[in-house]
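Asker: Got a file for you: data.txt, compact mmCIF, C-alpha atoms and all ligand atoms.
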```txt
# COMPACT_ATOMS: atom_id res chain seq x y z
CA MET A 1 -123.89 84.26 -54.97
CA PRO A 2 -123.85 85.77 -58.50
CA ASP A 3 -126.99 85.43 -60.51
CA PHE A 4 -125.54 83.18 -63.17
CA ASP A 5 -124.92 80.41 -60.64
CA PRO A 6 -127.88 78.07 -60.52
CA LEU A 7 -129.33 77.58 -57.06
CA LEU A 8 -128.76 73.89 -56.38
CA MET A 9 -131.77 72.60 -54.47
CA ILE A 10 -131.20 69.08 -55.71
CA PRO A 11 -130.13 66.38 -53.25
CA GLY A 12 -126.52 66.85 -54.28
CA PRO A 13 -124.28 68.17 -55.64
CA THR A 14 -124.92 71.17 -53.43
CA ASN A 15 -124.00 74.86 -53.40
CA LEU A 16 -120.36 75.69 -52.71
CA PRO A 17 -119.77 78.36 -50.04
CA PRO A 18 -117.20 81.05 -50.93
CA GLU A 19 -114.71 79.73 -48.35
CA VAL A 20 -114.82 76.30 -49.96
CA ARG A 21 -114.42 77.72 -53.48
CA GLU A 22 -111.40 79.69 -52.33
CA ALA A 23 -109.78 76.62 -50.82
CA LEU A 24 -110.51 74.62 -53.99
CA ALA A 25 -108.79 77.30 -56.06
CA GLY A 26 -105.64 77.27 -53.92
CA PRO A 27 -102.19 76.22 -55.10
CA GLY A 28 -101.49 72.57 -55.79
CA CYS A 29 -99.89 70.46 -53.12
CA TYR A 30 -97.63 67.39 -53.05
CA HIS A 31 -99.72 64.41 -52.04
CA ARG A 32 -96.92 62.76 -50.07
CA GLY A 33 -95.71 65.94 -48.38
CA GLU A 34 -96.11 67.45 -44.94
CA GLN A 35 -98.94 69.78 -46.01
CA MET A 36 -101.09 66.86 -47.18
CA ARG A 37 -100.36 64.92 -44.00
CA GLU A 38 -101.61 67.86 -41.94
CA LEU A 39 -104.67 68.35 -44.14
CA LEU A 40 -105.57 64.66 -43.99
CA GLU A 41 -105.16 64.59 -40.23
CA ARG A 42 -107.40 67.65 -39.86
CA CYS A 43 -110.01 66.18 -42.18
CA THR A 44 -109.94 62.80 -40.46
CA ARG A 45 -110.52 64.43 -37.08
CA GLY A 46 -113.39 66.51 -38.47
CA LEU A 47 -115.02 63.50 -40.10
CA GLN A 48 -114.66 61.44 -36.92
CA GLY A 49 -116.55 64.20 -35.13
CA LEU A 50 -119.36 64.15 -37.69
CA MET A 51 -119.56 60.36 -37.63
CA GLY A 52 -119.32 60.08 -33.85
CA ALA A 53 -116.61 57.56 -34.55
CA SER A 54 -113.36 57.13 -32.70
CA GLY A 55 -111.93 54.66 -35.25
CA ASP A 56 -110.31 55.17 -38.63
CA VAL A 57 -111.94 57.27 -41.31
CA LEU A 58 -110.59 56.59 -44.79
CA THR A 59 -110.79 59.24 -47.47
CA LEU A 60 -111.16 57.85 -50.99
CA THR A 61 -111.02 59.61 -54.32
CA SER A 62 -114.34 58.57 -55.85
CA SER A 63 -118.00 59.42 -55.70
CA GLY A 64 -120.07 58.12 -52.79
CA THR A 65 -120.73 54.79 -54.47
CA GLY A 66 -117.00 54.06 -54.13
CA ALA A 67 -117.40 54.17 -50.35
CA LEU A 68 -120.24 51.65 -50.57
CA GLU A 69 -118.21 49.35 -52.79
CA ALA A 70 -115.15 49.71 -50.55
CA ALA A 71 -117.21 48.81 -47.49
CA ILE A 72 -118.80 45.77 -49.10
CA THR A 73 -115.62 44.38 -50.68
CA SER A 74 -113.44 45.08 -47.64
CA PHE A 75 -115.64 43.60 -44.93
CA LEU A 76 -117.52 40.77 -46.63
CA SER A 77 -116.66 37.55 -48.43
CA PRO A 78 -118.38 35.82 -51.35
CA GLY A 79 -121.27 33.75 -50.04
CA ASP A 80 -121.76 35.83 -46.89
CA ARG A 81 -125.44 36.28 -46.12
CA VAL A 82 -126.44 39.92 -45.99
CA LEU A 83 -129.81 41.54 -45.37
CA VAL A 84 -130.42 44.68 -47.40
CA VAL A 85 -133.10 47.23 -46.56
CA GLU A 86 -134.58 48.17 -49.93
CA ALA A 87 -136.81 51.20 -49.57
CA GLY A 88 -135.70 52.98 -52.71
CA LYS A 89 -132.96 53.39 -55.23
CA PHE A 90 -130.06 53.60 -52.80
CA GLY A 91 -131.04 50.58 -50.75
CA GLU A 92 -131.32 48.79 -54.07
CA ARG A 93 -127.83 49.91 -55.01
CA LEU A 94 -126.38 48.38 -51.85
CA GLY A 95 -127.96 45.08 -52.86
CA GLU A 96 -126.64 45.38 -56.40
CA ILE A 97 -123.07 45.97 -55.25
CA ALA A 98 -123.20 43.10 -52.75
CA THR A 99 -124.63 40.81 -55.45
CA ALA A 100 -121.99 41.90 -57.97
CA PHE A 101 -119.26 40.75 -55.58
CA GLY A 102 -120.89 37.44 -54.74
CA ALA A 103 -122.60 38.03 -51.40
CA ASN A 104 -125.73 36.02 -50.68
CA VAL A 105 -128.25 38.87 -50.64
CA THR A 106 -131.69 38.82 -49.04
CA SER A 107 -133.68 41.96 -49.79
CA LEU A 108 -136.16 43.31 -47.34
CA ALA A 109 -138.55 45.34 -49.47
CA VAL A 110 -140.02 48.39 -47.77
CA GLU A 111 -142.81 50.31 -49.48
CA PRO A 112 -141.40 53.52 -50.99
CA GLY A 113 -142.15 56.44 -48.69
CA ARG A 114 -142.02 54.29 -45.60
CA ALA A 115 -139.17 53.67 -43.19
CA ALA A 116 -137.95 50.21 -42.26
CA ASP A 117 -139.63 48.76 -39.16
CA PRO A 118 -136.98 47.55 -36.68
CA GLN A 119 -139.17 44.62 -35.58
CA ILE A 120 -139.56 43.42 -39.15
CA VAL A 121 -135.81 43.76 -39.67
CA ALA A 122 -135.19 41.84 -36.43
CA ASP A 123 -137.55 39.07 -37.60
CA ALA A 124 -135.84 38.89 -40.98
CA LEU A 125 -132.42 38.73 -39.32
CA SER A 126 -133.54 35.88 -37.11
CA GLU A 127 -134.30 33.69 -40.11
CA ALA A 128 -130.71 32.96 -41.06
CA ASP A 129 -127.16 33.59 -39.98
CA PHE A 130 -126.65 37.01 -41.49
CA ARG A 131 -123.16 38.46 -41.56
CA ALA A 132 -124.30 42.03 -42.14
CA LEU A 133 -127.18 44.45 -42.39
CA LEU A 134 -126.83 46.91 -45.26
CA THR A 135 -128.99 50.00 -45.17
CA ALA A 136 -129.14 53.64 -46.09
CA TYR A 137 -129.75 56.05 -43.21
CA ASN A 138 -131.24 58.68 -45.52
CA GLU A 139 -132.98 57.17 -48.56
CA THR A 140 -132.56 60.08 -50.97
CA SER A 141 -134.90 58.71 -53.63
CA THR A 142 -137.97 58.88 -51.37
CA GLY A 143 -137.00 61.46 -48.74
CA VAL A 144 -137.12 58.92 -45.93
CA MET A 145 -134.85 58.50 -42.93
CA HIS A 146 -134.74 55.05 -41.41
CA PRO A 147 -134.61 54.67 -37.61
CA ILE A 148 -130.94 53.82 -37.78
CA ARG A 149 -130.30 53.52 -34.04
CA GLU A 150 -133.00 50.89 -33.70
CA LEU A 151 -131.93 49.09 -36.87
CA ALA A 152 -128.33 49.00 -35.69
CA SER A 153 -129.44 47.75 -32.31
CA VAL A 154 -131.45 44.81 -33.70
CA ALA A 155 -128.61 43.95 -36.08
CA ARG A 156 -126.09 43.83 -33.27
CA GLU A 157 -128.40 41.65 -31.21
CA ALA A 158 -128.53 39.29 -34.17
CA GLY A 159 -124.74 39.31 -34.44
CA ALA A 160 -124.73 41.07 -37.83
CA MET A 161 -122.41 43.93 -38.60
CA VAL A 162 -123.98 47.20 -39.73
CA ILE A 163 -122.88 48.90 -42.94
CA CYS A 164 -124.69 52.19 -43.30
CA ASP A 165 -124.94 54.51 -46.29
CA CYS A 166 -124.88 58.04 -44.88
CA VAL A 167 -123.97 59.61 -48.23
CA SER A 168 -126.85 62.10 -48.27
CA CYS A 169 -126.97 62.97 -44.59
CA LEU A 170 -123.51 63.00 -42.98
CA GLY A 171 -122.86 66.58 -41.89
CA GLY A 172 -126.57 67.45 -41.93
CA VAL A 173 -127.88 65.17 -39.20
CA GLU A 174 -126.39 63.64 -36.11
CA VAL A 175 -124.59 60.35 -36.60
CA GLN A 176 -123.12 58.57 -33.58
CA ALA A 177 -121.50 55.49 -35.03
CA ASP A 178 -119.81 54.34 -31.81
CA ALA A 179 -122.78 54.94 -29.54
CA TRP A 180 -125.37 53.55 -31.96
CA GLY A 181 -123.34 50.51 -32.95
CA ILE A 182 -122.78 51.26 -36.62
CA ASP A 183 -119.68 49.38 -37.80
CA VAL A 184 -119.12 51.11 -41.11
CA VAL A 185 -120.31 54.59 -42.11
CA CYS A 186 -120.14 55.59 -45.78
CA ALA A 187 -120.35 59.17 -47.00
CA GLY A 188 -119.61 61.41 -49.95
CA SER A 189 -118.38 64.94 -50.51
CA GLN A 190 -121.11 66.56 -52.62
CA LYS A 191 -124.05 66.57 -50.23
CA CYS A 192 -124.10 68.09 -46.74
CA LEU A 193 -120.33 68.57 -46.84
CA MET A 194 -120.69 71.38 -49.42
CA LEU A 195 -117.98 70.16 -51.79
CA PRO A 196 -118.01 69.12 -55.44
CA PRO A 197 -118.28 65.36 -56.09
CA GLY A 198 -115.05 63.38 -55.94
CA LEU A 199 -114.37 62.30 -52.37
CA ALA A 200 -115.89 59.42 -50.45
CA PHE A 201 -115.39 58.51 -46.80
CA VAL A 202 -115.58 55.29 -44.86
CA GLY A 203 -115.59 55.36 -41.06
CA VAL A 204 -114.75 52.02 -39.46
CA ARG A 205 -115.27 50.80 -35.92
CA ASP A 206 -112.10 49.21 -34.53
CA GLU A 207 -113.80 45.83 -34.02
CA ALA A 208 -114.85 45.70 -37.68
CA TRP A 209 -111.28 45.38 -38.94
CA ALA A 210 -111.22 41.71 -37.97
CA ALA A 211 -113.82 41.14 -40.70
CA ALA A 212 -111.56 42.94 -43.18
CA GLU A 213 -108.66 40.64 -42.31
CA ARG A 214 -110.93 37.67 -43.14
CA SER A 215 -112.50 39.17 -46.26
CA GLU A 216 -112.04 37.25 -49.47
CA MET A 217 -113.81 39.58 -51.83
CA PRO A 218 -111.70 40.86 -54.69
CA GLY A 219 -110.70 44.50 -54.64
CA TYR A 220 -107.74 46.68 -55.43
CA TYR A 221 -108.35 50.43 -55.57
CA PHE A 222 -110.90 50.23 -52.77
CA ASP A 223 -108.90 47.97 -50.43
CA LEU A 224 -109.51 49.60 -47.07
CA LEU A 225 -106.75 47.68 -45.30
CA LYS A 226 -104.28 49.35 -47.65
CA ALA A 227 -105.96 52.71 -47.08
CA ARG A 228 -105.71 52.23 -43.31
CA ALA A 229 -102.02 51.35 -43.50
CA LYS A 230 -101.26 54.46 -45.57
CA LEU A 231 -103.33 56.70 -43.32
CA ARG A 232 -100.91 55.88 -40.50
CA ASP A 233 -98.32 57.81 -42.57
CA GLY A 234 -100.76 60.63 -43.31
CA GLN A 235 -101.17 59.44 -46.88
CA THR A 236 -103.48 57.58 -49.23
CA PRO A 237 -102.42 54.52 -51.27
CA TYR A 238 -102.91 56.32 -54.60
CA THR A 239 -102.87 59.96 -55.66
CA PRO A 240 -105.85 61.59 -53.95
CA ALA A 241 -107.88 64.56 -55.21
CA THR A 242 -105.64 67.02 -53.38
CA THR A 243 -107.69 70.12 -54.16
CA LEU A 244 -110.86 68.48 -52.89
CA ILE A 245 -109.09 67.58 -49.66
CA ALA A 246 -108.10 71.24 -49.24
CA GLY A 247 -111.75 72.14 -49.88
CA LEU A 248 -112.88 69.54 -47.35
CA ALA A 249 -110.72 71.08 -44.63
CA ALA A 250 -112.38 74.44 -45.32
CA ALA A 251 -115.88 72.89 -45.31
CA LEU A 252 -115.21 71.12 -42.01
CA ASP A 253 -113.96 74.41 -40.56
CA LEU A 254 -117.24 76.03 -41.59
CA ILE A 255 -119.21 73.29 -39.85
CA GLU A 256 -117.11 73.54 -36.70
CA GLY A 257 -117.36 77.34 -36.81
CA GLU A 258 -121.16 77.27 -36.98
CA GLY A 259 -121.24 74.43 -34.46
CA ARG A 260 -122.31 70.88 -35.25
CA GLU A 261 -125.53 71.12 -33.27
CA ALA A 262 -126.41 74.42 -34.93
CA VAL A 263 -125.78 72.91 -38.36
CA TYR A 264 -128.12 70.00 -37.56
CA ALA A 265 -130.75 72.39 -36.20
CA ARG A 266 -130.49 74.48 -39.37
CA HIS A 267 -131.03 71.37 -41.50
CA ALA A 268 -134.07 70.47 -39.40
CA ALA A 269 -135.38 74.03 -39.81
CA MET A 270 -134.93 74.01 -43.58
CA ALA A 271 -136.68 70.64 -43.79
CA ALA A 272 -139.56 71.92 -41.66
CA ALA A 273 -139.81 75.09 -43.77
CA THR A 274 -139.91 73.11 -47.01
CA ARG A 275 -142.54 70.69 -45.73
CA ALA A 276 -144.70 73.52 -44.39
CA ALA A 277 -144.59 75.40 -47.70
CA MET A 278 -145.59 72.28 -49.62
CA GLU A 279 -148.48 71.56 -47.28
CA ALA A 280 -149.61 75.20 -47.48
CA ALA A 281 -149.86 74.65 -51.24
CA GLY A 282 -152.14 71.67 -50.63
CA LEU A 283 -149.48 69.20 -51.74
CA ARG A 284 -148.92 65.79 -50.20
CA LEU A 285 -145.52 64.79 -48.87
CA PHE A 286 -144.29 61.47 -50.18
CA ALA A 287 -142.62 60.20 -47.02
CA GLU A 288 -144.75 59.03 -44.11
CA GLU A 289 -144.94 61.24 -41.05
CA GLY A 290 -142.22 60.51 -38.53
CA ALA A 291 -139.81 59.28 -41.20
CA ARG A 292 -139.30 62.47 -43.18
CA SER A 293 -135.78 63.34 -44.12
CA GLN A 294 -133.95 66.36 -42.74
CA THR A 295 -131.98 66.79 -45.96
CA VAL A 296 -134.39 66.09 -48.82
CA THR A 297 -138.16 66.47 -49.15
CA ALA A 298 -140.09 64.38 -51.65
CA VAL A 299 -143.51 65.65 -52.75
CA HIS A 300 -146.35 64.07 -54.77
CA SER A 301 -146.48 66.27 -57.83
CA PRO A 302 -149.88 67.46 -59.07
CA VAL A 303 -148.29 68.15 -62.48
CA ASP A 304 -145.73 66.28 -64.59
CA SER A 305 -142.65 66.74 -62.43
CA VAL A 306 -140.29 66.39 -65.39
CA LYS A 307 -141.86 69.56 -66.82
CA LEU A 308 -141.83 71.27 -63.46
CA VAL A 309 -138.14 70.60 -62.93
CA GLY A 310 -137.38 71.90 -66.44
CA TYR A 311 -139.44 75.05 -65.89
CA LEU A 312 -137.69 75.93 -62.64
CA ARG A 313 -134.32 75.35 -64.28
CA ASP A 314 -135.07 77.42 -67.38
CA GLU A 315 -137.13 80.23 -65.89
CA HIS A 316 -135.77 80.59 -62.37
CA ASN A 317 -132.27 79.13 -62.44
CA VAL A 318 -133.36 76.92 -59.54
CA LEU A 319 -132.54 73.23 -59.75
CA ILE A 320 -134.74 70.67 -58.04
CA SER A 321 -135.03 66.95 -58.82
CA GLY A 322 -137.76 64.76 -60.14
CA GLY A 323 -138.47 61.17 -59.18
CA GLN A 324 -136.29 58.22 -60.06
CA GLY A 325 -137.40 54.93 -61.63
CA ASP A 326 -141.13 54.31 -61.15
CA LEU A 327 -141.49 57.69 -59.48
CA LYS A 328 -140.35 59.61 -62.55
CA GLY A 329 -142.85 62.36 -63.35
CA ARG A 330 -144.83 61.59 -60.18
CA ILE A 331 -142.82 63.25 -57.45
CA PHE A 332 -140.39 66.10 -57.17
CA ARG A 333 -137.64 66.38 -54.59
CA VAL A 334 -136.14 69.46 -52.97
CA GLY A 335 -132.70 69.04 -51.45
CA HIS A 336 -131.97 71.23 -48.43
CA MET A 337 -128.51 70.15 -47.50
CA GLY A 338 -125.20 71.83 -46.91
CA ALA A 339 -125.12 75.61 -46.99
CA VAL A 340 -128.88 76.07 -47.56
CA ARG A 341 -130.58 78.83 -45.60
CA LEU A 342 -134.13 80.21 -45.42
CA GLN A 343 -133.54 82.68 -48.27
CA HIS A 344 -132.78 79.71 -50.56
CA ILE A 345 -135.92 77.88 -49.46
CA LEU A 346 -137.99 81.01 -50.08
CA ARG A 347 -136.54 81.47 -53.57
CA THR A 348 -137.32 77.83 -54.32
CA VAL A 349 -140.85 78.15 -52.96
CA GLU A 350 -141.49 81.20 -55.13
CA ALA A 351 -140.17 79.39 -58.19
CA LEU A 352 -142.24 76.32 -57.38
CA ALA A 353 -145.43 78.34 -56.93
CA ASP A 354 -144.86 79.93 -60.32
CA GLY A 355 -143.99 76.64 -62.00
CA LEU A 356 -146.95 74.80 -60.53
CA ALA A 357 -149.31 77.58 -61.63
CA LYS A 358 -147.86 77.65 -65.16
CA LEU A 359 -148.47 73.91 -65.40
CA GLY A 360 -152.06 74.22 -64.21
CA TYR A 361 -151.95 73.87 -60.42
CA GLU A 362 -152.81 77.12 -58.66
CA CYS A 363 -151.27 77.78 -55.27
CA ASP A 364 -150.80 80.76 -53.02
CA ALA A 365 -147.13 81.76 -53.14
CA ALA A 366 -147.44 84.18 -50.22
CA ALA A 367 -149.08 81.56 -47.99
CA MET A 368 -146.36 79.08 -48.89
CA ALA A 369 -143.61 81.56 -48.02
CA ASP A 370 -145.33 82.50 -44.74
CA ALA A 371 -145.67 78.86 -43.77
CA ALA A 372 -141.99 78.25 -44.52
CA GLY A 373 -140.86 81.21 -42.42
CA GLN A 374 -143.09 80.23 -39.52
CA ALA A 375 -141.96 76.61 -39.56
CA ALA A 376 -138.30 77.64 -39.47
CA GLU A 377 -138.80 80.20 -36.71
CA PRO A 378 -138.70 77.90 -33.63
CA TYR A 379 -135.35 76.58 -34.80
CA ALA A 380 -133.95 80.08 -35.37
CA SER A 381 -134.98 81.10 -31.85
CA GLY A 382 -133.73 77.86 -30.33
CA ALA A 383 -137.23 76.97 -29.10
CA HIS A 384 -137.65 73.68 -30.96
N1 LIG A 401 -126.26 56.77 -51.48
C1 LIG A 401 -127.13 57.77 -51.34
C2 LIG A 401 -128.08 57.74 -50.18
C3 LIG A 401 -127.16 58.82 -52.26
O1 LIG A 401 -128.03 59.81 -52.13
C4 LIG A 401 -126.25 58.80 -53.34
C5 LIG A 401 -126.27 59.86 -54.36
O2 LIG A 401 -127.21 60.58 -54.50
C6 LIG A 401 -125.36 57.73 -53.42
C7 LIG A 401 -125.38 56.73 -52.48
C8 LIG A 401 -124.41 57.62 -54.56
O3 LIG A 401 -123.46 58.58 -54.50
P1 LIG A 401 -122.61 58.97 -55.80
O4 LIG A 401 -123.57 59.41 -56.84
O5 LIG A 401 -121.75 60.07 -55.24
O6 LIG A 401 -121.82 57.79 -56.19
```
Written as structure tokens, that's how I'd like the structure from this file.

Answerer:
Amino acid sequence: MPDFDPLLMIPGPTNLPPEVREALAGPGCYHRGEQMRELLERCTRGLQGLMGASGDVLTLTSSGTGALEAAITSFLSPGDRVLVVEAGKFGERLGEIATAFGANVTSLAVEPGRAADPQIVADALSEADFRALLTAYNETSTGVMHPIRELASVAREAGAMVICDCVSCLGGVEVQADAWGIDVVCAGSQKCLMLPPGLAFVGVRDEAWAAAERSEMPGYYFDLLKARAKLRDGQTPYTPATTLIAGLAAALDLIEGEGREAVYARHAAMAAATRAAMEAAGLRLFAEEGARSQTVTAVHSPVDSVKLVGYLRDEHNVLISGGQGDLKGRIFRVGHMGAVRLQHILRTVEALADGLAKLGYECDAAAMADAAGQAAEPYASGAH
């Protein structure tokens, strides 16, 4: 990548591989023509593979939040009781959207940095007749992954449908919507899928459509029943972002070419490398052990993380993120999603070591890099 491109180690948008850039720069295409039908079919098949979903996958022209809104307004009705796992900013957002459209929201607060406990979720679900459980799989604001299989399982036992925000992990970690019992999977283009922002995806289990037929929530642009009907003709209800769909086909080809399992193993390796480097610097990870994300690592910052983020941007052309809300200034987050490889982690580690030292926290850059390389090694050799 040329030097003037910043290295995007934020939790999205992520770096664009050359193949994706080339596809994005291709000629325009008619959105109701044969070429778009073929592209949409290819993309739908690829997304079904990533979601482990045999049902419909709708492609929407919006950022990831559009997928969340589409899921909530298409499958719920005003007054429906929903339980929302709130372990950070994105769990909170699910609750905000559901509230905005009139659902009866109960929030289950989870301490930031911790994952939701399935037993506690089961207990909460048993207290009322909940229509749905709304949760993120990967809570990007704290670097936590919830035990989604177990959460989905307790929700199904309680008769609640499962709407899951996979915006910051689809394509980077395994998702098996059918097998795990997730009714609705939401995702976005600018994270593990290596595209610019602008597309959102909603995967729907066949059985969930009955809830859409009953739904009384208002909605127009994000009406998934309309999107499903149009998909049967290889189209979308409104003009889609055609260039992004061409880019998506290229990104999905890259994932298939590398192999889904290999892509997930690479994400696990990059996560392990990042964590090891941080611990070698004597830093504390924000997420509890056992719940640490494979796509974003959150770290307690020994210096003002707003300054650290600015220093890395200005002096190293490396972009990482700070904390959001209450965590502003207190943590920093390194995204390792999409096309990220060890060389990118090592460049980030070097920049971080320099930035931390400049701001008064001495750490051993060489030890950090060694720890990163060693932690990634078992994955590279297939021994993990
Ligand atoms: N959900 C999660 C888990 C996210 O990480 C994000 C974005 O970072 C979103 C939802 C919102 O996506 P967007 O900003 O594309 O609307």

Asker: Within 7 Å of ligand LIG 401 (chain A), which residues of chain A show up? Give each one with its shortest atom-to-atom distance in Å (one decimal) and the two atoms involved, counting all atoms listed in the file, rows by chain then rising residue number, as a Markdown table.

Answerer:
```
| residue | atom | partner | partner_atom | distance |
| --- | --- | --- | --- | --- |
| A:Pro11 | CA | A:LIG401 | O2 | 6.6 |
| A:Gly12 | CA | A:LIG401 | O2 | 6.3 |
| A:Ser63 | CA | A:LIG401 | O5 | 3.8 |
| A:Gly64 | CA | A:LIG401 | O5 | 3.6 |
| A:Thr65 | CA | A:LIG401 | O6 | 3.6 |
| A:Gly66 | CA | A:LIG401 | O6 | 6.4 |
| A:Phe90 | CA | A:LIG401 | N1 | 5.1 |
| A:Ala136 | CA | A:LIG401 | C2 | 5.9 |
| A:Asn138 | CA | A:LIG401 | C2 | 5.7 |
| A:Glu139 | CA | A:LIG401 | C2 | 5.2 |
| A:Thr140 | CA | A:LIG401 | O1 | 4.7 |
| A:Asp165 | CA | A:LIG401 | N1 | 5.8 |
| A:Cys166 | CA | A:LIG401 | C2 | 6.2 |
| A:Val167 | CA | A:LIG401 | C1 | 4.8 |
| A:Ser168 | CA | A:LIG401 | O1 | 4.6 |
| A:Gly188 | CA | A:LIG401 | O5 | 5.9 |
| A:Pro197 | CA | A:LIG401 | O5 | 6.4 |
```

Asker: Calculate how many Å separate CA of Asp129 in chain A from CA of Val204 in chain A, rounding to one decimal.

Answerer: 22.2 Å

Asker: Excluding same-chain residues fewer than 5 positions from range 99-112 of chain A, what lies within 8 Å of it counting only C-alpha atoms, as a PyMOL selection string?

Answerer: chain A and resi 73+76-88+121+124+142+217-218+287

Asker: Using all atoms listed in the file, which of the listed residues (A:Tyr221, A:Gly181, A:Gly290, A:Glu150) sits closest to Asp206 in chain A?

Answerer: A:Gly181

Asker: Using all atoms listed in the file, find the one residue out of A:Ser126, A:Lys89, A:Ile245, A:Pro147 that sits nearest to Tyr30 in chain A.

Answerer: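 Answer, going by the shortest atom-to-atom distance: A:Ile245.
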
Asker: May I have the residues at most 8 Å from (-134.9, 63.5, -51.1) in the file's coordinates, counting only C-alpha atoms, as a ChimeraX atom specification?

Answerer: /A:11,139-144,293,295-298,333-335

Asker: Rounded to one decimal in Å, what is the spacing between CA of Glu127 in chain A and CA of Leu94 in chain A?

Answerer: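 Straight-line distance from CA of Glu127 in chain A to CA of Leu94 in chain A works out to 20.4 Å.
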
Asker: So how many Å separate CA of Thr61 in chain A and CA of Ala229 in chain A, to one decimal?

Answerer: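 Between these atoms lies a distance of 16.3 Å.
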
Asker: Select, from A:Gln294, A:Gln235, A:Thr242, A:Thr135, the residue with the minimum atom-to-atom distance to Leu68 in chain A, counting only C-alpha atoms.

Answerer: A:Thr135

Asker: Excluding Tyr264 in chain A and any residue of its chain fewer than 5 positions from it, enumerate the residues within 12 Å of it, using all atoms listed in the file, and give them as a PyMOL selection string.

Answerer: chain A and resi 50+169-175+192+255-256+258-259+269-271+294-295+336-340+379-380

Asker: Up to 9 Å from (-146.8, 81.1, -48.7) in the file's coordinates: name the residues, counting all atoms listed in the file, as a ChimeraX atom specification.

Answerer: /A:276-278,280-281,346,349-350,353,363-373

Asker: Please list as a list in words every residue within 6 Å of Ala250 in chain A, counting all atoms listed in the file and excluding residues in the same chain fewer than 3 positions away.

Answerer: Val20, Gly247 and Asp253 of chain A

Asker: Residues near Glu41 in chain A, anyone? I mean within 9 Å using all atoms listed in the file, not counting same-chain ones fewer than 5 positions away, as a ChimeraX atom specification.

Answerer: /A:36,46,231,234

Asker: Just checking: using only C-alpha atoms, which residue out of A:Ala227, A:Ala376, A:Ser189, A:Ala291 ends up closest to Thr239 in chain A?

Answerer: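 Residue with the minimum atom-to-atom distance to Thr239 in chain A: A:Ala227.
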
Asker: For each of A:Leu199, A:Leu7, A:Leu342, A:Ala132, take the minimum atom-to-atom distance to Leu312 in chain A, counting all atoms listed in the file, then give the residue where this is smallest.

Answerer: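 The closest residue to Leu312 in chain A is A:Leu7.
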
Asker: Pick out the closest residue to Met9 in chain A from this set: A:Cys29, A:Ala351, A:Gly360, A:Glu216. Count all atoms listed in the file.

Answerer: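 Among A:Cys29, A:Ala351, A:Gly360, A:Glu216, it is A:Ala351 that comes nearest to Met9 in chain A.
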
Asker: Identify, on the basis of only C-alpha atoms, every residue whose closest approach to Val57 in chain A does not exceed 8 Å; exclude the query and any residue fewer than 2 positions from it along the same chain; express the result as a ChimeraX atom specification.

Answerer: /A:44,47-48,55,59,201-204

Asker: With 8 Å on each side, where is the centre of the axis-aligned box around all listed atoms of range 257-267 of chain A, and how long are its edges in Å to one decimal, as lines of an AutoDock Vina configuration file?

Answerer:
```
center_x = -124.2
center_y = 73.7
center_z = -37.4
size_x = 29.7
size_y = 23.3
size_z = 24.2
```
